[in-house]
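In what follows, a single structure is set out as structure tokens and then discussed.
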Amino acid sequence: MSAAAPAVITPEPLPDTTGPRRVLVSSVSSDSHTWNLVFLQLLIEEYGHTVVNVGACVPDELLIAECRRHRPDMVVISSVNGHGHLDGRRLIARLRAEPDLADLPVVIGGKLGTRGAEGGGHTRALVEAGFDAVFEDSVGIGEFRRYLAAPDTRALRTAGSAAPAL
Amino acid sequence: MSAPVGRTTPTGSFAAAVAAARSDGELVVQPRMGFPTVAQMGAGLKAVHGTSARTVGTITLDSYTRVGDHASAARALERDEELNGFPIVAHGGRTTREMIAAAGAGDFAIQVRHGSPLPLGIVQALIDAGLDATEGGPVSYCLPYSRTPLVEAVDAWARSCEVLAEQVPGAHLESFGGCMLGQLCPPSLLVALSVLEGVFFRRHGLRSISLSYAQQTSFPQDVAALAALRRLAGEYLGDTDWHVVLYTYMGVFPRTVPGAQALLRESARLAALTGTERLIVKTAAEAHRIPTIEDNVHALETASEAARTATATPADRPDEGEAEEIHAEARDMVEAVLELHRDIDRAIPAAFARGYLDVPYCLHADNAQRTRSHIDSRGRLRWSSVGRMPVRSAPGGTAASVGADELLGMLSHVQNTFDRAALDPAASPEALPAAGRIRQETK
């Protein structure tokens, strides 16, 4: 793992229960890779959560529709074709512009640019665009595991007192 | 065994080139090469044509053309931007034809490779360019790479096959069905899908067909799978001109140059020892960057030489009954599909809807996603769960748990095996223990 700056922005923990949550995994519009999505599904399921895997080449409109259909507790976007920083910025702007999705926890990770770890990556720009956390490939999967495991991970906690049935 | 029987149509250039090499006892080697400009693509064809290896040529198309966005492809050409292949529609038939002639490759057999679930425009463009061979299939170019509904891909491929068969006597079409997702698909399903797409092509008028199989994780298991494919093809496509095409490993590739070359050589040896007619190579540059023309030529010559000098070892031999088991499993799948409906265009989508065909780890909405596979302690690909597929000698029920770390281990099994062997010359790939996290056989 590289010594890159911490990529995770940890918001205020919400006072509530943890437990199995519903996580939506998706790629971006231009990326047809799927092994990364299969891996993430298995990983997130190992933490006890339920995964809806939307798959590859997901247009922005479809992702928004899937968020409304499944009402996930968190969205995990993964891209490895090098266009993730472009597709991701456009996608999160679209999503945050929808009032009912503005506060939905959304994270992104993978090979987000074409230049590898060089130049500090795309974390800051993607967070400023609206992602809750960014996991660049150069940082490794460990940061994402820690994020999933953290008891105060905003994305995996319930905002209300009653956990919805999954 | 694969001698054409009752062939009445004239043989096109691609099928003729493969048939001529077969009668000379030589393996045809082929790159996967695609460059955006006429100058680059023409130079690539010329170089492949001119190598000392017995080759056919490839024109691989770009992603814009694949999805039918020809305006974006044309704009990228005007602006001199990078494309990841040759935009045959944007260039047009005449330009492509002139490029091939100028490269001195007018008599050279060339296949157009694309990856489109909706290929009609591409088929029309390659016909306009005077070409007679392409590849893909309604399942193999729909499920792994697109969100296109399977029924739409089936319709589009049916019409494309008919156009190709009507307009180009002797046209050749290859099924990509033996390459599903590149890795971790057990051989019986690869064999079944390849044969089913071959049957689909035949029903839609084609009489010259190739069936693919991608090198997997175990040399002896691949030997058995290729024997099973050949036998099943003979049973279902006996009245057509057909051959088998092997793909050098399509999963995560070794990072070391010696490891990558050893894997390429193993695929050529596999082709030679199994009587496979054609091999599609990968280059040692694969894991790091887009291969150059020189990388491709080097890979073609390396593979050709490895095939010419191939020798068998006792470790290559499949287990007793292994080929028969793969053949029986694949045949059960093919029969279960064909029994669903007289019209194969209806039978294939129905089979996926019922889970009779179910590609492990494939996320397409039309794939049932009830199956899982793993690599066993001897390096062979096995079913972990078969869902509703008609497979008798394997665990049924719902998807068995495969962990995330285990999946990563399996995805990099071949890479690790060949990289380790390259770093330790004393160890051969066969002598190494299986890499990654390997589960016990489930009984």
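Residue numbering restarts at 1 in every chain; chains get A, B, ... in the order shown in the structure tokens, and ligands count up from 1 in that same order.
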
Could you list, with a cut-off of 9 Å and counting only C-alpha atoms, the residues of chain B near chain A, each shown with its nearest atom pair and the distance in Å rounded to one decimal, rows sorted by chain and ascending number, as a Markdown table?
```
| residue | atom | partner | partner_atom | distance |
| --- | --- | --- | --- | --- |
| B:Pro144 | CA | A:Thr34 | CA | 8.1 |
| B:Tyr145 | CA | A:Ser32 | CA | 5.6 |
| B:Ser146 | CA | A:Ser32 | CA | 7.0 |
| B:Arg147 | CA | A:Cys57 | CA | 7.1 |
| B:Leu181 | CA | A:Trp35 | CA | 8.7 |
| B:Tyr361 | CA | A:Val38 | CA | 6.6 |
| B:Cys362 | CA | A:Thr34 | CA | 7.8 |
| B:Leu363 | CA | A:Gly55 | CA | 5.8 |
| B:His364 | CA | A:Gly55 | CA | 7.0 |
| B:Ala365 | CA | A:Gly55 | CA | 8.5 |
| B:Ser401 | CA | A:Leu42 | CA | 8.6 |
| B:Val402 | CA | A:Leu42 | CA | 7.5 |
| B:Gly403 | CA | A:Leu42 | CA | 6.1 |
| B:Ala404 | CA | A:Leu42 | CA | 5.0 |
| B:Asp405 | CA | A:Leu43 | CA | 8.0 |
| B:Leu407 | CA | A:Phe39 | CA | 6.8 |
| B:Leu408 | CA | A:Phe39 | CA | 7.4 |
| B:Leu411 | CA | A:Trp35 | CA | 8.7 |
```

(request) Just the helix (DSSP H, G or I) stuff from segment 130-368 of chain B, please, per backbone DSSP, written as a VMD selection string. (result) chain B and resid 150 to 167 177 to 179 187 to 203 219 to 236 257 to 273 293 to 308 314 to 316 322 to 338 344 to 354

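Going from atom CA of Leu340 of chain B over to atom CA of Gly387 of chain B, you cover 17.8 Å.
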
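Distance check against Leu86 of chain A using only C-alpha atoms: of A:Pro105, A:Gly113, A:Pro99, A:Pro72, the minimum falls on A:Gly113.
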
(request) Determine which residues of segment 175-392 of chain B DSSP labels as strand (DSSP E) from the backbone of this structure, then write them out as a ChimeraX atom specification. (result) /B:175,208-214,241-247,278-280,371-375,381-386

(message) Please determine, counting only C-alpha atoms, which residue among A:Val107, A:Leu148, A:Val28, A:Gly142 has the shortest atom-to-atom distance to Asp87 of chain A.
(response) A:Val28

(message) I need the residue nearest Ala93 of chain A from this list: A:Val80, A:Arg21, A:Arg124, A:Ala129. Use only C-alpha atoms for the distance.
(response) A:Ala129

(message) When you count only C-alpha atoms, which of these residues is closest to Leu101 of chain A: A:Ile141, A:Ala149, A:Val127, A:Val75?
(response) A:Val75
